[in-house]
$ cat upload13.csv   # CSV, C-alpha atoms and all ligand atoms
chain,number,residue,atom,x,y,z
A,946,MET,CA,-141.6,-100.9,-126.9
A,947,PRO,CA,-141.4,-102.4,-130.4
A,948,ALA,CA,-143.3,-100.8,-133.2
A,949,PRO,CA,-144.9,-103.8,-134.8
A,950,ALA,CA,-145.7,-102.1,-138.2
A,951,GLU,CA,-142.0,-101.6,-138.9
A,952,PRO,CA,-140.6,-103.7,-141.7
A,953,ALA,CA,-137.6,-106.0,-140.9
A,954,PRO,CA,-134.1,-105.3,-142.2
A,955,SER,CA,-133.3,-106.9,-145.6
A,956,GLY,CA,-133.3,-110.7,-145.5
A,957,GLN,CA,-134.6,-110.9,-142.0
A,958,PRO,CA,-138.0,-112.4,-141.2
A,959,ALA,CA,-140.1,-109.8,-139.4
A,960,GLU,CA,-140.6,-111.9,-136.3
A,961,SER,CA,-136.9,-112.3,-135.7
A,962,ALA,CA,-135.9,-108.6,-136.2
A,963,PRO,CA,-135.0,-106.8,-133.0
A,964,PRO,CA,-137.5,-104.2,-131.9
A,965,VAL,CA,-137.4,-100.6,-133.3
A,966,VAL,CA,-136.8,-97.9,-130.6
A,967,VAL,CA,-140.0,-96.0,-129.6
A,968,SER,CA,-140.3,-93.3,-126.9
A,969,ASN,CA,-143.1,-94.4,-124.7
A,970,VAL,CA,-141.1,-95.6,-121.6
A,971,VAL,CA,-141.1,-92.7,-119.2
A,972,GLY,CA,-137.5,-91.9,-118.1
A,973,SER,CA,-135.9,-93.7,-121.1
A,974,PHE,CA,-133.5,-91.9,-123.3
A,975,PRO,CA,-135.9,-91.6,-126.3
A,976,TRP,CA,-138.7,-90.4,-124.0
A,977,SER,CA,-136.4,-87.7,-122.6
A,978,VAL,CA,-135.6,-86.4,-126.1
A,979,LEU,CA,-139.3,-86.0,-126.9
A,980,ALA,CA,-140.4,-84.8,-123.4
A,981,GLU,CA,-137.5,-82.6,-122.5
A,982,ARG,CA,-135.0,-82.0,-125.4
A,983,HIS,CA,-137.6,-80.9,-128.0
A,984,PRO,CA,-139.4,-78.4,-125.7
A,985,ALA,CA,-136.0,-77.0,-124.7
A,986,LEU,CA,-135.1,-76.6,-128.4
A,987,ILE,CA,-138.4,-74.8,-129.2
A,988,ARG,CA,-137.6,-72.4,-126.4
A,989,GLN,CA,-134.1,-71.9,-127.6
A,990,VAL,CA,-135.1,-71.2,-131.2
A,991,ARG,CA,-137.9,-68.9,-130.1
A,992,GLY,CA,-135.4,-66.7,-128.3
A,993,ALA,CA,-132.8,-66.7,-131.2
A,994,PHE,CA,-134.8,-64.7,-133.8
A,995,PRO,CA,-137.3,-61.8,-133.8
A,996,TYR,CA,-140.1,-64.0,-134.9
A,997,GLY,CA,-143.6,-62.6,-135.5
A,998,PRO,CA,-146.9,-63.7,-133.8
A,999,GLY,CA,-147.7,-66.2,-136.5
A,1000,GLN,CA,-144.4,-68.0,-136.0
A,1001,HIS,CA,-144.9,-68.0,-132.2
A,1002,ARG,CA,-148.4,-69.4,-132.5
A,1003,ALA,CA,-147.1,-72.2,-134.8
A,1004,LEU,CA,-144.3,-73.0,-132.3
A,1005,ASP,CA,-147.0,-73.1,-129.5
A,1006,THR,CA,-149.0,-75.5,-131.6
A,1007,LEU,CA,-146.0,-77.7,-132.3
A,1008,LEU,CA,-145.1,-77.8,-128.6
A,1009,ALA,CA,-148.6,-78.8,-127.6
A,1010,ASP,CA,-148.8,-81.5,-130.4
A,1011,CYS,CA,-145.4,-83.1,-129.8
A,1012,THR,CA,-145.7,-83.3,-126.0
A,1013,GLU,CA,-149.4,-83.9,-125.3
A,1014,GLY,CA,-151.1,-84.3,-128.6
A,1015,VAL,CA,-151.0,-86.6,-131.6
A,1016,VAL,CA,-149.1,-86.5,-134.9
A,1017,GLU,CA,-150.8,-84.2,-137.4
A,1018,PRO,CA,-150.0,-84.2,-141.1
A,1019,LEU,CA,-148.1,-81.4,-142.8
A,1020,GLY,CA,-150.3,-78.6,-144.1
A,1021,PRO,CA,-151.8,-78.8,-147.6
A,1022,GLU,CA,-149.4,-76.2,-148.9
A,1023,ALA,CA,-146.3,-78.3,-148.0
A,1024,ALA,CA,-144.6,-79.7,-151.1
A,1025,ASP,CA,-143.5,-82.8,-149.3
A,1026,ARG,CA,-146.9,-83.5,-147.5
A,1027,ASP,CA,-147.5,-86.6,-149.6
A,1028,GLN,CA,-144.0,-87.8,-149.2
A,1029,TRP,CA,-144.3,-87.7,-145.4
A,1030,LEU,CA,-147.7,-89.4,-145.6
A,1031,GLU,CA,-146.0,-92.2,-147.6
A,1032,TRP,CA,-143.3,-92.5,-145.0
A,1033,GLY,CA,-145.7,-92.7,-142.1
A,1034,ARG,CA,-149.5,-92.4,-142.9
A,1035,ASP,CA,-150.1,-94.9,-140.1
A,1036,ARG,CA,-148.5,-92.5,-137.6
A,1037,ILE,CA,-151.1,-89.8,-138.1
A,1038,GLY,CA,-153.4,-89.4,-135.1
A,1039,ARG,CA,-151.1,-91.4,-132.7
A,1040,SER,CA,-149.0,-90.0,-129.8
A,1041,TRP,CA,-145.6,-88.9,-130.8
A,1042,PHE,CA,-144.3,-91.2,-128.1
A,1043,ASP,CA,-145.8,-94.3,-129.6
A,1044,VAL,CA,-144.3,-94.2,-133.1
A,1045,PRO,CA,-140.7,-95.1,-134.0
A,1046,PHE,CA,-138.3,-92.7,-132.4
A,1047,LEU,CA,-136.4,-92.2,-135.7
A,1048,TRP,CA,-139.6,-91.1,-137.4
A,1049,SER,CA,-140.9,-88.8,-134.6
A,1050,GLU,CA,-137.6,-87.0,-134.2
A,1051,SER,CA,-137.2,-86.5,-137.9
A,1052,TYR,CA,-140.7,-85.3,-138.2
A,1053,PHE,CA,-140.2,-82.9,-135.3
A,1054,TYR,CA,-137.4,-81.1,-137.2
A,1055,ARG,CA,-139.6,-81.0,-140.3
A,1056,ARG,CA,-142.4,-79.4,-138.3
A,1057,LEU,CA,-140.1,-77.0,-136.5
A,1058,LEU,CA,-138.9,-75.6,-139.8
A,1059,GLU,CA,-142.4,-75.3,-141.0
A,1060,ALA,CA,-143.4,-73.4,-137.9
A,1061,VAL,CA,-140.7,-70.8,-138.4
A,1062,GLY,CA,-141.5,-70.4,-142.1
A,1063,TYR,CA,-138.4,-72.0,-143.5
A,1064,PHE,CA,-140.1,-73.6,-146.5
A,1065,ALA,CA,-142.9,-71.1,-147.3
A,1066,PRO,CA,-142.2,-68.3,-149.8
A,1067,GLY,CA,-141.6,-65.1,-147.9
A,1068,PRO,CA,-139.0,-63.3,-145.8
A,1069,TRP,CA,-138.2,-66.3,-143.5
A,1070,GLN,CA,-137.7,-68.8,-146.3
A,1071,GLY,CA,-134.4,-70.5,-146.0
A,1072,ILE,CA,-133.4,-68.9,-142.7
A,1073,ASP,CA,-131.8,-71.6,-140.7
A,1074,PRO,CA,-133.2,-71.4,-137.1
A,1075,PHE,CA,-130.1,-73.1,-135.8
A,1076,ARG,CA,-127.5,-71.0,-137.6
A,1077,PRO,CA,-126.6,-68.7,-134.7
A,1078,PHE,CA,-125.7,-71.7,-132.5
A,1079,LYS,CA,-123.7,-73.3,-135.3
A,1080,LEU,CA,-121.8,-70.1,-136.0
A,1081,ALA,CA,-121.0,-69.5,-132.3
A,1082,GLU,CA,-119.3,-72.9,-132.3
A,1083,LEU,CA,-116.8,-71.7,-134.8
A,1084,ASP,CA,-116.0,-68.6,-132.9
A,1085,THR,CA,-114.6,-70.0,-129.6
A,1086,ALA,CA,-111.2,-70.2,-127.9
A,1087,GLU,CA,-111.5,-74.0,-128.1
A,1088,ALA,CA,-111.9,-73.9,-131.9
A,1089,ASP,CA,-108.8,-71.6,-132.1
A,1090,GLU,CA,-106.8,-74.0,-129.9
A,1091,GLU,CA,-107.9,-77.0,-132.0
A,1092,LEU,CA,-106.8,-75.4,-135.2
A,1093,ALA,CA,-103.5,-74.2,-133.7
A,1094,ALA,CA,-102.8,-77.8,-132.5
A,1095,LEU,CA,-102.5,-78.8,-136.2
A,1096,ASP,CA,-99.2,-76.9,-136.4
A,1097,GLU,CA,-97.7,-79.4,-133.8
A,1098,LEU,CA,-99.1,-82.3,-135.8
A,1099,ALA,CA,-97.8,-81.2,-139.2
A,1100,PRO,CA,-94.1,-82.3,-138.7
A,1101,ARG,CA,-95.1,-85.8,-137.6
A,1102,PRO,CA,-95.0,-88.8,-139.9
A,1103,ALA,CA,-98.0,-89.0,-142.3
A,1104,GLU,CA,-99.3,-92.2,-140.7
A,1105,GLU,CA,-99.3,-90.7,-137.3
A,1106,GLN,CA,-101.1,-87.6,-138.6
A,1107,GLU,CA,-103.7,-89.8,-140.2
A,1108,VAL,CA,-104.4,-91.7,-137.0
A,1109,ALA,CA,-104.6,-88.4,-135.0
A,1110,LEU,CA,-106.9,-86.8,-137.6
A,1111,LEU,CA,-109.2,-89.9,-137.7
A,1112,HIS,CA,-109.5,-89.7,-133.9
A,1113,GLY,CA,-110.1,-85.9,-134.2
A,1114,SER,CA,-113.0,-86.6,-136.6
A,1115,LEU,CA,-114.3,-89.3,-134.3
A,1116,TRP,CA,-114.3,-87.3,-131.1
A,1117,GLY,CA,-115.5,-84.2,-132.9
A,1118,ASN,CA,-118.8,-86.0,-132.9
A,1119,ARG,CA,-119.2,-84.9,-129.2
A,1120,ALA,CA,-119.7,-81.4,-130.6
A,1121,ASP,CA,-123.4,-81.9,-131.0
A,1122,LEU,CA,-125.6,-79.0,-129.9
A,1123,GLY,CA,-128.8,-81.2,-129.5
A,1124,PHE,CA,-126.9,-83.4,-127.1
A,1125,ARG,CA,-125.8,-80.4,-125.1
A,1126,LEU,CA,-129.4,-79.5,-124.4
A,1127,GLY,CA,-129.3,-82.6,-122.2
A,1128,ALA,CA,-127.0,-83.3,-119.3
A,1129,ALA,CA,-123.9,-84.5,-121.1
A,1130,SER,CA,-120.7,-85.4,-119.4
A,1131,GLN,CA,-117.7,-83.5,-120.6
A,1132,ASP,CA,-115.0,-86.1,-119.6
A,1133,THR,CA,-111.8,-85.9,-121.5
A,1134,PRO,CA,-111.8,-88.5,-124.3
A,1135,THR,CA,-109.1,-91.2,-124.1
A,1136,ALA,CA,-108.4,-94.4,-126.1
A,1137,SER,CA,-109.8,-96.4,-123.2
A,1138,ARG,CA,-113.2,-94.9,-124.1
A,1139,LEU,CA,-113.2,-96.7,-127.4
A,1140,VAL,CA,-115.6,-99.6,-127.1
A,1141,ALA,CA,-114.7,-100.9,-130.5
A,1142,ASP,CA,-111.7,-99.9,-132.6
A,1143,ASP,CA,-111.5,-101.0,-136.3
A,1144,GLY,CA,-109.3,-98.0,-137.1
A,1145,ASP,CA,-106.6,-100.1,-138.8
A,1146,ALA,CA,-109.2,-101.9,-140.9
A,1147,LEU,CA,-110.7,-98.5,-141.9
A,1148,ARG,CA,-107.3,-97.2,-142.9
A,1149,SER,CA,-106.6,-100.3,-145.0
A,1150,LEU,CA,-109.6,-99.5,-147.1
A,1151,LEU,CA,-108.2,-96.2,-148.2
A,1152,ARG,CA,-106.8,-97.4,-151.6
A,1153,GLY,CA,-106.5,-94.2,-153.6
A,1154,GLY,CA,-110.1,-94.1,-154.8
A,1155,THR,CA,-113.2,-92.3,-153.7
A,1156,LEU,CA,-114.2,-91.7,-150.1
A,1157,CYS,CA,-117.8,-90.8,-149.3
A,1158,LEU,CA,-118.0,-89.0,-146.0
A,1159,VAL,CA,-121.5,-88.7,-144.6
A,1160,ALA,CA,-121.2,-85.7,-142.4
A,1161,ASP,CA,-123.0,-85.2,-139.1
A,1162,ASN,CA,-122.6,-81.9,-137.1
A,1163,ALA,CA,-121.4,-78.6,-138.4
A,1164,GLY,CA,-118.9,-76.4,-136.6
A,1165,ARG,CA,-116.5,-78.3,-134.4
A,1166,GLU,CA,-117.3,-81.7,-135.9
A,1167,LEU,CA,-117.2,-80.7,-139.5
A,1168,ILE,CA,-113.8,-78.9,-139.1
A,1169,PRO,CA,-111.9,-82.1,-138.1
A,1170,ASP,CA,-113.9,-84.0,-140.8
A,1171,LEU,CA,-112.6,-81.6,-143.4
A,1172,LEU,CA,-109.1,-81.7,-142.0
A,1173,LEU,CA,-109.1,-85.5,-142.3
A,1174,VAL,CA,-110.4,-85.3,-145.9
A,1175,ASP,CA,-107.6,-82.8,-146.7
A,1176,HIS,CA,-105.0,-85.0,-145.2
A,1177,LEU,CA,-106.2,-88.0,-147.2
A,1178,LEU,CA,-106.3,-86.1,-150.5
A,1179,HIS,CA,-103.0,-84.4,-149.9
A,1180,HIS,CA,-101.2,-87.7,-149.2
A,1181,GLY,CA,-102.8,-89.6,-152.1
A,1182,ARG,CA,-104.7,-91.9,-149.8
A,1183,ILE,CA,-107.8,-91.0,-151.8
A,1184,THR,CA,-108.2,-89.2,-155.1
A,1185,ARG,CA,-111.7,-87.9,-154.5
A,1186,ALA,CA,-114.0,-87.1,-151.6
A,1187,VAL,CA,-117.7,-86.7,-151.6
A,1188,LEU,CA,-119.1,-84.9,-148.6
A,1189,HIS,CA,-122.7,-85.7,-148.0
A,1190,VAL,CA,-124.6,-83.0,-146.0
A,1191,LYS,CA,-128.2,-82.3,-145.1
A,1192,PRO,CA,-130.5,-80.6,-147.6
A,1193,TYR,CA,-132.1,-78.6,-144.8
A,1194,PRO,CA,-131.4,-77.8,-141.1
A,1195,TYR,CA,-131.8,-80.9,-139.0
A,1196,TYR,CA,-131.1,-82.3,-135.5
A,1197,VAL,CA,-130.0,-78.8,-134.5
A,1198,SER,CA,-126.4,-78.8,-135.5
A,1199,ASP,CA,-126.3,-81.1,-138.6
A,1200,ALA,CA,-124.2,-79.7,-141.4
A,1201,THR,CA,-125.8,-78.2,-144.5
A,1202,THR,CA,-124.0,-76.7,-147.5
A,1203,ALA,CA,-124.1,-73.3,-145.9
A,1204,ASP,CA,-122.4,-74.7,-142.8
A,1205,THR,CA,-119.8,-76.4,-145.0
A,1206,VAL,CA,-119.0,-73.0,-146.6
A,1207,ASP,CA,-118.7,-71.5,-143.1
A,1208,ALA,CA,-116.3,-74.2,-142.0
A,1209,LEU,CA,-114.2,-73.9,-145.1
A,1210,ARG,CA,-114.0,-70.1,-144.7
A,1211,ARG,CA,-113.0,-70.6,-141.1
A,1212,LEU,CA,-110.2,-72.9,-142.2
A,1213,VAL,CA,-109.1,-70.6,-145.1
A,1214,ASP,CA,-108.9,-67.7,-142.7
A,1215,ALA,CA,-106.9,-69.6,-140.1
A,1216,LYS,CA,-103.1,-69.2,-139.6
A,1217,GLY,CA,-100.6,-72.0,-140.1
A,1218,ALA,CA,-101.3,-75.6,-141.1
A,1219,ALA,CA,-105.1,-75.1,-140.7
A,1220,GLY,CA,-105.1,-72.3,-143.2
A,1221,GLU,CA,-103.0,-74.3,-145.7
A,1222,ALA,CA,-105.5,-77.2,-145.3
A,1223,GLY,CA,-108.4,-74.8,-145.9
A,1224,ARG,CA,-106.8,-73.5,-149.1
A,1225,ARG,CA,-106.1,-77.0,-150.4
A,1226,LEU,CA,-109.7,-78.0,-149.8
A,1227,TRP,CA,-110.9,-74.8,-151.6
A,1228,ALA,CA,-108.8,-75.8,-154.6
A,1229,ALA,CA,-110.0,-79.4,-154.4
A,1230,ALA,CA,-113.6,-78.1,-154.6
A,1231,ALA,CA,-112.6,-76.1,-157.6
A,1232,ASP,CA,-111.1,-79.0,-159.5
A,1233,GLY,CA,-113.7,-81.6,-158.5
A,1234,ARG,CA,-111.7,-83.7,-156.0
A,1235,LEU,CA,-114.0,-82.5,-153.2
A,1236,THR,CA,-117.7,-82.5,-154.0
A,1237,VAL,CA,-120.6,-81.6,-151.6
A,1238,ARG,CA,-123.9,-83.4,-152.0
A,1239,ALA,CA,-127.2,-82.7,-150.2
A,1240,HIS,CA,-129.4,-85.6,-151.0
A,1241,PRO,CA,-133.0,-85.6,-149.7
A,1242,PHE,CA,-132.4,-89.0,-148.1
A,1243,PHE,CA,-130.3,-87.5,-145.4
A,1244,CYS,CA,-133.4,-85.7,-143.9
A,1245,ALA,CA,-135.7,-88.6,-144.4
A,1246,PRO,CA,-136.9,-90.7,-141.5
A,1247,LEU,CA,-135.6,-93.8,-143.1
A,1248,PRO,CA,-132.9,-96.4,-142.2
A,1249,TYR,CA,-130.0,-97.1,-144.5
A,1250,ALA,CA,-131.6,-100.4,-145.5
A,1251,ASP,CA,-134.0,-98.2,-147.5
A,1252,LEU,CA,-131.3,-96.3,-149.4
A,1253,PRO,CA,-132.5,-94.9,-152.8
A,1254,ASP,CA,-131.0,-96.4,-155.9
A,1255,ASP,CA,-128.7,-93.4,-156.8
A,1256,LEU,CA,-127.1,-93.4,-153.3
A,1257,ARG,CA,-126.9,-97.1,-153.3
A,1258,ARG,CA,-124.9,-97.0,-156.6
A,1259,GLU,CA,-122.7,-94.2,-155.3
A,1260,PHE,CA,-121.8,-96.0,-152.1
A,1261,ALA,CA,-121.3,-99.3,-153.9
A,1262,ALA,CA,-118.7,-97.6,-156.2
A,1263,ALA,CA,-116.8,-95.9,-153.4
A,1264,ASP,CA,-113.7,-97.4,-151.8
A,1265,LEU,CA,-115.3,-96.6,-148.5
A,1266,THR,CA,-118.3,-94.7,-147.0
A,1267,VAL,CA,-117.7,-93.2,-143.6
A,1268,LEU,CA,-120.9,-92.5,-141.6
A,1269,LYS,CA,-120.4,-89.9,-138.9
A,1270,GLY,CA,-122.3,-89.7,-135.7
A,1271,ASP,CA,-125.0,-91.2,-133.6
A,1272,LEU,CA,-128.0,-90.6,-135.9
A,1273,ASN,CA,-126.2,-92.1,-138.9
A,1274,TYR,CA,-125.4,-95.1,-136.7
A,1275,ARG,CA,-129.0,-95.4,-135.6
A,1276,ARG,CA,-130.1,-95.3,-139.3
A,1277,LEU,CA,-127.4,-97.8,-140.3
A,1278,ILE,CA,-128.7,-100.5,-137.9
A,1279,GLY,CA,-132.4,-99.5,-138.3
A,1280,ASP,CA,-132.6,-97.9,-134.8
A,1281,ARG,CA,-133.2,-101.5,-133.6
A,1282,LEU,CA,-132.3,-102.8,-130.2
A,1283,TYR,CA,-130.0,-105.6,-131.3
A,1284,PRO,CA,-128.0,-107.4,-128.6
A,1285,ALA,CA,-124.8,-105.4,-128.3
A,1286,THR,CA,-122.7,-108.5,-129.3
A,1287,THR,CA,-124.5,-108.8,-132.7
A,1288,PRO,CA,-121.6,-108.6,-135.2
A,1289,PHE,CA,-121.5,-105.2,-137.0
A,1290,ALA,CA,-121.3,-107.1,-140.3
A,1291,VAL,CA,-124.7,-108.8,-139.6
A,1292,ALA,CA,-126.5,-105.6,-138.7
A,1293,THR,CA,-125.1,-103.8,-141.7
A,1294,ASP,CA,-125.2,-106.5,-144.4
A,1295,HIS,CA,-127.8,-104.4,-146.4
A,1296,PHE,CA,-125.1,-101.7,-147.0
A,1297,PRO,CA,-124.0,-101.7,-150.7
A,1298,GLY,CA,-120.3,-101.3,-150.1
A,1299,ALA,CA,-117.6,-101.0,-147.4
A,1300,VAL,CA,-118.9,-98.8,-144.6
A,1301,ALA,CA,-117.3,-97.4,-141.5
A,1302,ALA,CA,-119.1,-95.9,-138.5
A,1303,LEU,CA,-117.3,-93.1,-136.5
A,1304,ARG,CA,-119.6,-92.4,-133.5
A,1305,THR,CA,-119.7,-91.3,-130.0
A,1306,LEU,CA,-122.4,-93.2,-128.1
A,1307,LYS,CA,-125.4,-91.0,-127.5
A,1308,SER,CA,-128.4,-93.3,-127.8
A,1309,ASP,CA,-129.4,-96.8,-126.7
A,1310,VAL,CA,-128.5,-98.8,-129.8
A,1311,VAL,CA,-125.2,-100.5,-130.4
A,1312,VAL,CA,-123.8,-103.6,-132.1
A,1313,GLY,CA,-120.4,-105.2,-132.6
A,1314,LEU,CA,-119.1,-105.2,-129.0
A,1315,ASP,CA,-117.3,-108.3,-127.6
A,1316,ALA,CA,-119.0,-109.8,-124.6
A,1317,GLY,CA,-116.2,-108.9,-122.2
A,1318,THR,CA,-116.3,-105.2,-123.3
A,1319,GLU,CA,-120.1,-105.1,-122.7
A,1320,ALA,CA,-119.8,-106.8,-119.4
A,1321,ALA,CA,-117.1,-104.4,-118.2
A,1322,LEU,CA,-119.2,-101.4,-119.3
A,1323,VAL,CA,-122.3,-102.6,-117.6
A,1324,ALA,CA,-120.4,-103.4,-114.4
A,1325,ALA,CA,-118.9,-99.9,-114.3
A,1326,GLU,CA,-121.9,-97.8,-115.4
A,1327,GLU,CA,-125.0,-100.0,-115.8
A,1328,GLN,CA,-126.4,-98.8,-119.1
A,1329,ARG,CA,-125.2,-95.1,-118.9
A,1330,TRP,CA,-122.3,-95.7,-121.3
A,1331,ARG,CA,-124.8,-96.1,-124.1
A,1332,THR,CA,-126.1,-92.5,-124.0
A,1333,GLY,CA,-123.6,-90.4,-122.1
A,1334,GLY,CA,-121.4,-89.4,-125.1
A,1335,THR,CA,-118.3,-90.4,-123.2
A,1336,HIS,CA,-117.6,-93.6,-125.2
A,1337,ALA,CA,-116.9,-93.9,-128.9
A,1338,LEU,CA,-116.4,-96.6,-131.6
A,1339,ILE,CA,-114.9,-97.1,-134.9
A,1340,GLN,CA,-116.5,-100.0,-136.8
A,1341,VAL,CA,-116.1,-101.3,-140.3
A,1342,GLY,CA,-118.2,-103.7,-142.3
A,1343,PRO,CA,-120.2,-105.3,-143.6
B,1401,LIG,O1,-126.0,-87.7,-134.7
B,1401,LIG,P1,-125.4,-87.1,-133.6
B,1401,LIG,O2,-125.2,-85.6,-133.8
B,1401,LIG,O3,-124.1,-87.7,-133.2
B,1401,LIG,O4,-126.3,-87.2,-132.3
B,1401,LIG,C1,-127.6,-86.9,-132.4
B,1401,LIG,C2,-128.3,-87.0,-131.1
B,1401,LIG,O5,-127.8,-86.0,-130.2
B,1401,LIG,O6,-129.6,-86.9,-131.4
B,1401,LIG,C3,-130.3,-88.0,-131.1
B,1401,LIG,C4,-131.3,-87.8,-130.1
B,1401,LIG,O7,-131.9,-86.5,-130.4
B,1401,LIG,C5,-129.4,-89.1,-130.7
B,1401,LIG,O8,-129.2,-90.0,-131.8
B,1401,LIG,C6,-128.2,-88.4,-130.4
B,1401,LIG,O9,-128.2,-88.2,-129.0

$ encode --input "upload13.csv" --output "structure tokens" --more "lines below"
Ligand SMILES: O=P(O)(O)OC[C@@]1(O)O[C@H](CO)[C@@H](O)[C@@H]1O
Amino acid sequence: MPAPAEPAPSGQPAESAPPVVVSNVVGSFPWSVLAERHPALIRQVRGAFPYGPGQHRALDTLLADCTEGVVEPLGPEAADRDQWLEWGRDRIGRSWFDVPFLWSESYFYRRLLEAVGYFAPGPWQGIDPFRPFKLAELDTAEADEELAALDELAPRPAEEQEVALLHGSLWGNRADLGFRLGAASQDTPTASRLVADDGDALRSLLRGGTLCLVADNAGRELIPDLLLVDHLLHHGRITRAVLHVKPYPYYVSDATTADTVDALRRLVDAKGAAGEAGRRLWAAAADGRLTVRAHPFFCAPLPYADLPDDLRREFAAADLTVLKGDLNYRRLIGDRLYPATTPFAVATDHFPGAVAALRTLKSDVVVGLDAGTEAALVAAEEQRWRTGGTHALIQVGP
């Protein structure tokens, strides 16, 4: 299962680093993503647009490559071909299932966009193949109910609102369209489903400075993220927020700048407290208190240990960086199979500043659990709690 060529996290000798997740164990979660989720996604994208024969042929090729073939390089016309070779030259010619899961998944999305003409000059350039699914998310009765619920929260004490909005942002992470291509459980979230809760520590780090929020999914995750940011700005808990989004469509529902605009419009058009929050956020964007950034690192197949210098400086200067979601968590701990009781601070000691993870558990990796919690989870569910999306965590470090 380990990929021997992977470098170890900072300061750790290669031989002692936990193994990186790969996808070659039939029936495992990462295997199911490559063998089942990716083909289902290709089918879904094919049906969502009136693509031409060239796009269909490219999707056929991708489907064959990623399920039965080997990793092929990007075409010679791709501007980032050399960059991808630098990130994984040794993966070319190998089965997608034998290379690190983080790399193969990320490359899948890059190849999918190439297949539908997202990057090539022409009529399909910049057309997000996932946009219809993301937009549909915003236009549901559940979304209306969630926004209306804000009116009941508004009269409550600010601290109570803050805790509720933090949990809203956390559980919003279940709104992940890729995840729903699999057989996700839809249990109602409750506090008992929190396997680690550093919520108080997180809130104690909000000291009136800058919050970097590294967003995950658009739609029904981004809306509660934005509501949390609004609350923190409005109540002086932070003076500035930087929202980091993806520079291109990724992992189905990950938020881009266009998705952020859609979410803000949805808020601005809402009635009551949600509409007020939307208008405050709009004004905060205008006066620089809310900034959106779309750094290329966020679509790179790299762990956070390999942060580029500009982001490293930015996160070091912030009061707190909040990483949303499962993929950010995987990248934070290098997508390595640490023992679950490894302290969060140990696995994240490479991070340049204070970092918090808000994540529902949707993949095998996890750290920072106490031994009793892990034992109880295993006794109740064997290892299903790791991937079912029914449990969540709030962790702060390093
Ligand atoms: O990052 P998110 O949106 O919380 O989850 C992403 C996800 O659905 O995709 C990956 C597998 O495709 C897993 O990391 C996880 O299950």

$ closest_residue --input "upload13.csv" --among "A:Val1206, A:Leu1303, A:Ala1292, A:Leu1247" --to "A:Pro1045" --atoms "all atoms listed in the file"
A:Leu1247

$ residues_near_ligand --input "upload13.csv" --ligand "ligand LIG 1401 (chain B)" --cutoff "9 Å" --atoms "only C-alpha atoms and all ligand atoms" --output "PyMOL selection string"
chain A and resi 974-975+978-979+982-983+1046-1047+1050+1118-1127+1161-1162+1196-1199+1269-1275+1304-1309+1332-1334

$ residues_around --input "upload13.csv" --residues "A:Ala1219" --least-positions-apart "3" --cutoff "12 Å" --atoms "all atoms listed in the file" --output "PyMOL selection string"
chain A and resi 1088-1099+1168-1169+1171-1173+1175-1176+1208-1216+1222-1226

$ write_last_selection --input "upload13.csv" --atoms "C-alpha atoms" --output "compact mmCIF listing (two decimals), in the frame of the given file"
# COMPACT_ATOMS: atom_id res chain seq x y z
CA ALA A 1088 -111.90 -73.90 -131.90
CA ASP A 1089 -108.80 -71.60 -132.10
CA GLU A 1090 -106.80 -74.00 -129.90
CA GLU A 1091 -107.90 -77.00 -132.00
CA LEU A 1092 -106.80 -75.40 -135.20
CA ALA A 1093 -103.50 -74.20 -133.70
CA ALA A 1094 -102.80 -77.80 -132.50
CA LEU A 1095 -102.50 -78.80 -136.20
CA ASP A 1096 -99.20 -76.90 -136.40
CA GLU A 1097 -97.70 -79.40 -133.80
CA LEU A 1098 -99.10 -82.30 -135.80
CA ALA A 1099 -97.80 -81.20 -139.20
CA ILE A 1168 -113.80 -78.90 -139.10
CA PRO A 1169 -111.90 -82.10 -138.10
CA LEU A 1171 -112.60 -81.60 -143.40
CA LEU A 1172 -109.10 -81.70 -142.00
CA LEU A 1173 -109.10 -85.50 -142.30
CA ASP A 1175 -107.60 -82.80 -146.70
CA HIS A 1176 -105.00 -85.00 -145.20
CA ALA A 1208 -116.30 -74.20 -142.00
CA LEU A 1209 -114.20 -73.90 -145.10
CA ARG A 1210 -114.00 -70.10 -144.70
CA ARG A 1211 -113.00 -70.60 -141.10
CA LEU A 1212 -110.20 -72.90 -142.20
CA VAL A 1213 -109.10 -70.60 -145.10
CA ASP A 1214 -108.90 -67.70 -142.70
CA ALA A 1215 -106.90 -69.60 -140.10
CA LYS A 1216 -103.10 -69.20 -139.60
CA ALA A 1222 -105.50 -77.20 -145.30
CA GLY A 1223 -108.40 -74.80 -145.90
CA ARG A 1224 -106.80 -73.50 -149.10
CA ARG A 1225 -106.10 -77.00 -150.40
CA LEU A 1226 -109.70 -78.00 -149.80

$ residues_around --input "upload13.csv" --residues "A:Pro1074" --least-positions-apart "6" --cutoff "8 Å" --atoms "only C-alpha atoms" --output "list in words"
Val990, Ala993, Phe994, Leu1058, Val1061 and Pro1194 of chain A

$ closest_residue --input "upload13.csv" --among "A:Thr1201, A:Ile1072, A:Ser977, A:Leu1265" --to "A:Tyr996" --atoms "all atoms listed in the file"
A:Ile1072

$ closest_residue --input "upload13.csv" --among "A:Val1341, A:Leu1252, A:Leu1004, A:Leu1083" --to "A:Ala1163" --atoms "all atoms listed in the file"
A:Leu1083

$ closest_residue --input "upload13.csv" --among "A:His1240, A:His1001, A:Arg1055, A:Arg1034" --to "A:Val1190" --atoms "only C-alpha atoms"
A:His1240
